[in-house]
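This is coords06.txt. It holds compact mmCIF, C-alpha atoms.
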```txt
# COMPACT_ATOMS: atom_id res chain seq x y z
CA MET G 1 -0.22 28.08 17.15
CA THR G 2 -1.86 29.66 14.17
CA THR G 3 -3.32 27.93 11.20
CA ILE G 4 -1.74 28.89 7.90
CA ALA G 5 -3.63 30.15 4.84
CA VAL G 6 -2.17 28.74 1.65
CA ALA G 7 -2.42 30.75 -1.57
CA GLU G 8 -4.05 28.12 -3.79
CA THR G 9 -3.10 28.63 -7.40
CA PRO G 10 -4.42 25.82 -9.62
CA LEU G 11 -1.07 24.02 -9.35
CA VAL G 12 -0.85 24.36 -5.55
CA LEU G 13 -4.49 23.28 -5.18
CA GLY G 14 -3.97 20.32 -7.52
CA LEU G 15 -0.92 19.20 -5.56
CA LEU G 16 -2.70 19.61 -2.21
CA ARG G 17 -5.63 17.52 -3.41
CA LEU G 18 -3.27 14.69 -4.29
CA ALA G 19 -1.09 15.06 -1.20
CA ASP G 20 -4.01 15.35 1.24
CA THR G 21 -5.72 12.28 -0.21
CA ALA G 22 -2.49 10.29 0.12
CA LEU G 23 -1.77 11.50 3.68
CA VAL G 24 -5.29 11.09 5.03
CA HIS G 25 -5.61 7.61 3.52
CA ALA G 26 -2.18 6.72 4.92
CA GLN G 27 -3.24 7.86 8.38
CA ARG G 28 -6.32 5.62 8.20
CA LEU G 29 -4.24 2.66 7.01
CA SER G 30 -1.65 3.19 9.73
CA GLU G 31 -4.39 2.95 12.38
CA TRP G 32 -4.20 -0.80 11.70
CA CYS G 33 -0.60 -1.00 12.84
CA GLY G 34 -0.57 -3.62 15.58
CA HIS G 35 -4.25 -4.45 15.02
CA ALA G 36 -4.43 -6.22 11.66
CA PRO G 37 -5.94 -9.72 11.51
CA MET G 38 -2.50 -11.29 11.00
CA LEU G 39 1.12 -10.23 11.19
CA GLU G 40 1.66 -10.46 7.45
CA GLU G 41 -1.24 -8.09 6.78
CA ASP G 42 -0.16 -5.75 9.57
CA LEU G 43 3.09 -5.27 7.67
CA ALA G 44 1.33 -5.05 4.31
CA LEU G 45 -1.02 -2.27 5.45
CA ALA G 46 1.87 -0.37 7.04
CA ASN G 47 3.79 -0.75 3.75
CA LEU G 48 0.88 0.76 1.83
CA ALA G 49 0.68 3.63 4.33
CA LEU G 50 4.41 4.32 4.09
CA ASP G 51 4.25 4.43 0.28
CA LEU G 52 1.42 6.97 0.51
CA ILE G 53 3.24 9.07 3.12
CA GLY G 54 6.27 9.13 0.81
CA GLN G 55 4.06 10.35 -2.05
CA ALA G 56 2.44 12.97 0.20
CA ARG G 57 5.83 14.28 1.33
CA ALA G 58 7.05 14.74 -2.24
CA LEU G 59 3.80 16.44 -3.24
CA TYR G 60 3.73 18.75 -0.18
CA ALA G 61 7.34 19.72 -0.73
CA TYR G 62 6.55 20.61 -4.34
CA ALA G 63 3.36 22.46 -3.32
CA ALA G 64 5.37 24.50 -0.79
CA GLU G 65 7.93 25.32 -3.46
CA ALA G 66 5.20 26.24 -5.96
CA GLU G 67 3.50 28.50 -3.42
CA GLY G 68 6.80 30.26 -2.79
CA ALA G 69 5.92 31.44 0.74
CA GLY G 70 8.81 29.67 2.42
CA ARG G 71 6.71 26.88 3.91
CA THR G 72 7.71 23.25 4.34
CA GLU G 73 5.96 19.94 3.81
CA ASP G 74 5.37 19.80 7.59
CA ASP G 75 3.62 23.20 7.59
CA LEU G 76 1.18 21.91 4.98
CA ALA G 77 0.57 18.59 6.75
CA TYR G 78 0.31 19.86 10.32
CA ARG G 79 -0.76 23.49 10.23
CA ARG G 80 -3.97 23.43 8.23
CA ASP G 81 -7.39 22.66 9.69
CA ALA G 82 -10.04 20.37 8.23
CA PRO G 83 -11.71 23.01 5.99
CA GLN G 84 -8.34 23.58 4.31
CA PHE G 85 -7.78 19.91 3.55
CA ARG G 86 -8.48 19.01 -0.07
CA ASN G 87 -8.63 15.20 0.07
CA VAL G 88 -11.49 13.22 -1.42
CA LEU G 89 -14.00 12.21 1.26
CA ILE G 90 -13.52 8.46 0.74
CA ALA G 91 -10.01 8.72 2.21
CA GLU G 92 -11.13 10.17 5.55
CA LEU G 93 -13.97 7.76 6.44
CA PRO G 94 -13.17 5.83 9.66
CA ARG G 95 -11.18 2.70 8.99
CA GLY G 96 -14.10 0.32 9.64
CA ASP G 97 -13.42 -3.41 9.51
CA PHE G 98 -10.78 -5.14 7.40
CA ALA G 99 -13.20 -5.55 4.47
CA PHE G 100 -13.91 -1.81 4.47
CA THR G 101 -10.22 -0.92 4.66
CA ILE G 102 -9.31 -3.26 1.82
CA LEU G 103 -12.18 -2.22 -0.43
CA ARG G 104 -11.37 1.47 0.06
CA ALA G 105 -7.71 0.81 -0.73
CA PHE G 106 -8.80 -1.06 -3.87
CA LEU G 107 -11.17 1.65 -5.10
CA LEU G 108 -8.49 4.31 -4.57
CA ALA G 109 -5.66 2.26 -6.08
CA ALA G 110 -7.77 1.43 -9.15
CA HIS G 111 -7.87 5.19 -9.70
CA ALA G 112 -4.33 6.03 -8.55
CA GLN G 113 -2.53 3.55 -10.78
CA PRO G 114 -3.84 4.86 -14.14
CA PHE G 115 -3.72 8.42 -12.77
CA TRP G 116 0.00 8.22 -11.95
CA ARG G 117 0.76 6.37 -15.15
CA ALA G 118 -0.79 9.22 -17.16
CA ALA G 119 0.79 11.86 -14.91
CA SER G 120 4.23 10.38 -15.52
CA GLN G 121 3.91 11.96 -19.00
CA SER G 122 3.20 15.38 -17.46
CA ASN G 123 4.70 18.55 -18.93
CA ASP G 124 5.75 19.34 -15.37
CA ALA G 125 9.06 17.53 -14.82
CA THR G 126 8.80 17.43 -11.01
CA LEU G 127 5.31 15.99 -11.10
CA ALA G 128 6.31 13.50 -13.80
CA ALA G 129 9.11 12.23 -11.56
CA ILE G 130 6.83 11.91 -8.52
CA ALA G 131 4.28 10.11 -10.71
CA ALA G 132 6.78 7.63 -12.14
CA LYS G 133 7.67 6.46 -8.62
CA ALA G 134 4.07 6.54 -7.37
CA GLU G 135 2.83 4.47 -10.29
CA LYS G 136 4.92 1.45 -9.29
CA GLU G 137 3.68 1.73 -5.71
CA ALA G 138 0.06 2.12 -6.80
CA ALA G 139 0.37 -0.93 -9.07
CA TYR G 140 1.28 -3.06 -6.05
CA HIS G 141 -1.47 -1.48 -3.92
CA LEU G 142 -3.94 -2.37 -6.65
CA ARG G 143 -2.74 -5.95 -6.92
CA HIS G 144 -2.67 -6.54 -3.16
CA SER G 145 -6.05 -4.94 -2.39
CA GLY G 146 -7.64 -6.44 -5.51
CA GLU G 147 -6.60 -9.98 -4.62
CA TRP G 148 -8.03 -9.49 -1.12
CA VAL G 149 -11.31 -8.12 -2.50
CA ILE G 150 -11.65 -11.28 -4.61
CA ARG G 151 -10.90 -13.61 -1.68
CA LEU G 152 -13.13 -11.79 0.79
CA GLY G 153 -15.99 -11.22 -1.64
CA ASP G 154 -15.92 -14.85 -2.79
CA GLY G 155 -14.83 -16.22 0.59
CA THR G 156 -17.01 -17.22 3.49
CA GLU G 157 -20.58 -16.15 4.14
CA GLU G 158 -19.32 -13.61 6.67
CA SER G 159 -16.51 -12.17 4.53
CA GLY G 160 -18.91 -11.80 1.59
CA ARG G 161 -21.47 -10.02 3.77
CA ARG G 162 -18.84 -7.63 5.11
CA MET G 163 -17.63 -6.83 1.61
CA ARG G 164 -21.17 -6.10 0.42
CA GLU G 165 -21.76 -3.83 3.42
CA ALA G 166 -18.48 -1.99 2.80
CA LEU G 167 -19.36 -1.59 -0.88
CA ALA G 168 -22.76 -0.10 -0.06
CA THR G 169 -21.11 2.47 2.24
CA LEU G 170 -18.16 3.33 0.01
CA TRP G 171 -19.77 3.44 -3.42
CA PRO G 172 -21.40 6.92 -3.11
CA TYR G 173 -17.92 8.32 -2.39
CA THR G 174 -16.38 7.12 -5.66
CA GLY G 175 -17.88 9.85 -7.85
CA GLU G 176 -15.60 12.47 -6.34
CA LEU G 177 -12.57 10.74 -7.89
CA PHE G 178 -13.70 11.89 -11.33
CA GLU G 179 -14.81 15.46 -10.59
CA ALA G 180 -13.23 18.37 -12.40
CA ASP G 181 -13.55 22.05 -11.50
CA ALA G 182 -11.89 25.14 -13.00
CA ALA G 183 -8.54 24.41 -11.30
CA ASP G 184 -8.53 20.84 -12.63
CA ARG G 185 -9.38 22.10 -16.12
CA ALA G 186 -6.51 24.59 -16.02
CA LEU G 187 -4.06 21.84 -15.06
CA VAL G 188 -5.38 19.52 -17.76
CA GLU G 189 -5.13 22.25 -20.41
CA ALA G 190 -1.55 22.98 -19.36
CA GLY G 191 -0.71 19.29 -19.77
CA ILE G 192 0.21 19.01 -16.09
CA LEU G 193 -2.40 16.49 -14.92
CA PRO G 194 -4.52 13.93 -16.79
CA ALA G 195 -8.20 14.67 -17.36
CA PRO G 196 -10.28 13.00 -14.61
CA GLU G 197 -12.88 11.68 -17.06
CA ASP G 198 -10.17 9.97 -19.13
CA LEU G 199 -9.40 7.69 -16.17
CA ARG G 200 -12.97 6.53 -15.85
CA PRO G 201 -12.95 3.71 -18.45
CA VAL G 202 -9.84 2.11 -16.93
CA TRP G 203 -11.25 2.39 -13.41
CA ASP G 204 -14.58 0.92 -14.56
CA ALA G 205 -12.84 -1.99 -16.26
CA THR G 206 -10.69 -2.76 -13.20
CA VAL G 207 -13.64 -2.56 -10.83
CA ASP G 208 -15.82 -4.73 -13.07
CA ARG G 209 -13.11 -7.37 -13.50
CA VAL G 210 -12.37 -7.66 -9.78
CA PHE G 211 -16.02 -7.48 -8.72
CA GLY G 212 -16.80 -10.22 -11.24
CA GLU G 213 -14.25 -12.53 -9.64
CA ALA G 214 -15.30 -11.44 -6.15
CA CYS G 215 -19.01 -12.19 -6.75
CA LEU G 216 -19.79 -8.56 -5.93
CA THR G 217 -22.47 -6.65 -7.80
CA ARG G 218 -21.68 -3.12 -8.85
CA PRO G 219 -24.24 -0.85 -7.14
CA PRO G 220 -26.73 0.95 -9.39
CA GLU G 221 -26.16 4.58 -10.39
CA THR G 222 -26.80 6.72 -7.36
CA TRP G 223 -26.31 10.19 -5.92
CA MET G 224 -22.64 10.79 -5.23
CA GLN G 225 -21.07 12.48 -2.23
CA SER G 226 -18.94 15.52 -2.95
CA GLY G 227 -17.11 18.36 -1.22
CA GLY G 228 -13.81 17.09 0.15
CA ARG G 229 -11.77 18.59 -2.68
CA SER G 230 -13.27 21.99 -1.78
CA GLY G 231 -12.79 21.60 1.98
CA ARG G 232 -16.31 20.47 2.91
CA HIS G 233 -15.58 17.37 4.95
CA THR G 234 -17.31 14.72 7.00
CA GLU G 235 -17.22 15.09 10.77
CA HIS G 236 -14.54 12.39 10.86
CA LEU G 237 -11.66 14.41 9.42
CA GLY G 238 -11.39 16.86 12.32
CA HIS G 239 -11.09 14.02 14.83
CA MET G 240 -8.44 12.36 12.70
CA LEU G 241 -6.44 15.58 12.37
CA ALA G 242 -6.68 16.16 16.12
CA VAL G 243 -4.73 12.95 16.59
CA MET G 244 -2.43 13.38 13.61
CA GLN G 245 -1.55 17.02 14.31
CA HIS G 246 -1.53 16.82 18.10
CA LEU G 247 2.21 17.01 18.57
CA GLN G 248 2.72 20.06 16.34
CA ARG G 249 -0.32 21.75 17.85
CA ALA G 250 0.85 21.13 21.42
CA TYR G 251 4.53 21.80 20.81
CA PRO G 252 4.78 24.12 17.79
CA GLY G 253 7.94 23.59 15.80
CA ALA G 254 8.92 20.47 17.74
CA THR G 255 11.32 18.26 15.83
CA TRP G 256 12.19 14.62 16.28
CA MET T 257 -17.81 -21.70 13.89
CA ALA T 258 -14.57 -23.60 13.39
CA GLU T 259 -12.15 -21.72 11.15
CA THR T 260 -9.67 -23.49 8.93
CA PRO T 261 -6.21 -22.38 10.00
CA MET T 262 -4.38 -20.29 7.39
CA PRO T 263 -1.79 -22.48 5.61
CA ILE T 264 1.90 -21.81 6.18
CA TRP T 265 4.36 -21.21 3.34
CA GLU T 266 8.15 -21.34 3.41
CA VAL T 267 9.78 -18.32 1.83
CA PHE T 268 12.97 -18.31 -0.25
CA ILE T 269 14.55 -15.06 -1.43
CA ARG T 270 17.29 -14.52 -3.97
CA SER T 271 19.16 -11.41 -2.96
CA ARG T 272 20.77 -8.83 -5.23
CA THR T 273 24.15 -10.41 -4.81
CA GLY T 274 23.13 -14.03 -4.29
CA LEU T 275 23.15 -16.74 -6.90
CA ALA T 276 20.66 -19.01 -5.20
CA HIS T 277 17.39 -18.61 -3.31
CA ARG T 278 17.86 -18.88 0.44
CA HIS T 279 15.31 -19.83 3.03
CA VAL T 280 14.39 -16.72 5.05
CA GLY T 281 11.32 -17.74 7.05
CA SER T 282 7.64 -18.46 6.65
CA VAL T 283 4.30 -16.68 6.22
CA HIS T 284 0.62 -17.44 6.62
CA ALA T 285 -1.49 -17.05 3.47
CA ALA T 286 -4.65 -18.48 1.97
CA ASP T 287 -3.05 -19.41 -1.35
CA ALA T 288 0.11 -19.13 -3.42
CA GLU T 289 -0.58 -15.66 -4.86
CA MET T 290 -1.27 -14.19 -1.41
CA ALA T 291 1.77 -16.02 -0.01
CA LEU T 292 3.98 -14.26 -2.57
CA GLN T 293 2.54 -10.91 -1.53
CA ALA T 294 2.91 -11.69 2.18
CA ALA T 295 6.51 -12.74 1.56
CA ARG T 296 7.18 -9.52 -0.34
CA ASP T 297 5.65 -7.43 2.44
CA THR T 298 7.33 -9.34 5.26
CA TYR T 299 10.79 -10.17 3.95
CA THR T 300 11.75 -7.62 1.27
CA ARG T 301 11.08 -4.34 3.10
CA ARG T 302 14.71 -3.25 3.00
CA GLY T 303 15.51 -3.98 -0.63
CA GLU T 304 16.68 -7.52 0.10
CA GLY T 305 15.26 -9.38 -2.83
CA LEU T 306 15.14 -9.75 -6.58
CA SER T 307 13.14 -12.96 -6.66
CA ILE T 308 10.80 -14.81 -4.30
CA TRP T 309 9.80 -18.46 -4.08
CA VAL T 310 7.05 -19.70 -1.79
CA VAL T 311 6.49 -23.39 -1.08
CA PRO T 312 3.69 -24.91 0.99
CA SER T 313 5.27 -25.96 4.26
CA ALA T 314 3.28 -29.18 4.05
CA ALA T 315 5.14 -30.06 0.83
CA ILE T 316 8.46 -30.27 2.63
CA THR T 317 9.55 -33.68 3.85
CA ALA T 318 11.91 -33.27 6.78
CA SER T 319 14.32 -35.64 8.41
CA ASP T 320 13.44 -36.81 11.91
CA PRO T 321 15.60 -35.17 14.58
CA ALA T 322 15.61 -38.53 16.38
CA ASP T 323 17.48 -39.99 13.40
CA LYS T 324 20.28 -37.49 13.86
CA ASP T 325 22.84 -40.01 15.10
CA MET T 326 22.05 -42.56 12.42
CA LEU T 327 22.08 -40.06 9.60
CA PHE T 328 24.94 -37.79 10.49
CA GLU T 329 27.17 -39.37 13.11
CA PRO T 330 28.95 -41.82 10.73
CA THR T 331 30.48 -38.97 8.72
CA ALA T 332 32.33 -37.62 11.75
CA SER T 333 34.95 -40.35 11.48
CA LYS T 334 35.66 -39.83 7.77
CA PRO T 335 37.93 -36.81 7.59
CA TYR T 336 39.39 -38.10 4.32
CA ARG T 337 36.24 -36.89 2.60
CA HIS T 338 37.40 -33.32 3.12
CA PRO T 339 39.81 -32.22 0.39
CA THR T 340 42.41 -31.13 2.91
CA PHE T 341 45.06 -33.78 2.20
CA TYR T 342 46.07 -32.30 -1.12
CA THR T 343 48.61 -29.60 -1.68
CA VAL T 344 47.52 -27.14 -4.30
CA PRO T 345 50.37 -26.05 -6.59
CA GLU T 346 51.18 -22.34 -6.42
CA GLU T 347 50.50 -21.77 -10.09
CA VAL T 348 46.85 -22.90 -9.72
CA GLY T 349 46.19 -19.72 -7.77
CA HIS T 350 42.85 -18.99 -6.18
CA MET T 351 40.38 -21.85 -6.41
```
Structure encoded using structure tokens:
Amino acid sequence: MTTIAVAETPLVLGLLRLADTALVHAQRLSEWCGHAPMLEEDLALANLALDLIGQARALYAYAAEAEGAGRTEDDLAYRRDAPQFRNVLIAELPRGDFAFTILRAFLLAAHAQPFWRAASQSNDATLAAIAAKAEKEAAYHLRHSGEWVIRLGDGTEESGRRMREALATLWPYTGELFEADAADRALVEAGILPAPEDLRPVWDATVDRVFGEACLTRPPETWMQSGGRSGRHTEHLGHMLAVMQHLQRAYPGATW
Amino acid sequence: MAETPMPIWEVFIRSRTGLAHRHVGSVHAADAEMALQAARDTYTRRGEGLSIWVVPSAAITASDPADKDMLFEPTASKPYRHPTFYTVPEEVGHM
């Protein structure tokens, strides 16, 4: 089975970056299914993953339509290799412990919620519709993960230690959320997507508020990881895709 | 290290069509806010609810099953408490 090469116009690339981040994060969240610390949270994490998969499907379908090469959402999800994935690196890191999973979900949701809110005013009607639905989902993701961050950070000695360790690992991956290259600029100028830097003050305020309640200290300014949005990934993504894409790779075109 | 068990909360959901909240089950959660979220994630996955109540299970005072005969048996012999001995006039229609 061959790997497809997508013609990445700024719009297609912008959509793939959003869709890949949602799908890869969803895959990591769904790894908890049957393994979460309690039944209620098992369901909650699966709910988050399903919301993200729904967003990814809508975005892939639109990206396929925008590319105009007759591909489907499944082609884009299952027939590209790691270097063609455009997700931010933070989404692909191994799921870690529950503190790591929750803190990652929080850091991403604190970005996604204002992002989708702004994108719901997009000049692009399809994207605006996807954004309006995604914003409600992201708002719940932010509330759920944020409340857990507070309780784990300000919980027991062990939960606080695990949160601090997760924060130290995850923080250098947060810079990528606010990057902007030529494709991003083109989409911002066309009024299709919000400017990444405009989301920064809201994200900062959310993070500071929750960290304050969680007794977590925001790490000092540091060098930030980068590359996922251009296809330069950690070694973890290929292993994840091997599992996620196995069926389509082994049985091309198989349907349920 | 001994861990405190996670408290249990009783969950009541008011459905789209329902007028009152109905008991649907229980969840584990550390506090009321997390109990609401656990109830949402556990019991409203298929569009069941418009409103959720959670109540600490410990706040419910329950009757003793051993008192069943004393509490409920005496009513069995009082059929006149059911409004079945009245004839409803036609013109009243559906009640």
task: Kindly indicate which residue among G:Asp42, G:Asp181, G:Asp20, G:Glu213 lies nearest to chain T, using only C-alpha atoms for the distances.
output: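 Selected residue with least distance to chain T: G:Asp42.
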When you look at Glu135 (chain G) with a cut-off of 7 Å (counting only C-alpha atoms), what residues show up, excluding the ones that are within fewer than 6 positions of it in the same chain? I need them as an MDAnalysis selection string.
chainID G and resid 113 116:117
| request: Could you please determine the separation between CA of Arg278 (chain T) and CA of Ala295 (chain T) in Å, to one decimal place? | output: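 Computing the Euclidean distance for CA of Arg278 (chain T) and CA of Ala295 (chain T) yields 13.0 Å.
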Discussion item. Show me, as number ranges by chain, the residues that have an atom within 10 Å of Ala99 (chain G) when counting all atoms listed in the file, minus same-chain residues fewer than 4 positions from it.
Written reply: G: 95, 103-105, 145, 148-149, 152-153, 159-167
Using only C-alpha atoms, the shortest atom-to-atom distance to Tyr299 (chain T) among G:Tyr173, G:Ala63, G:Ala186, G:Asn47 belongs to G:Asn47
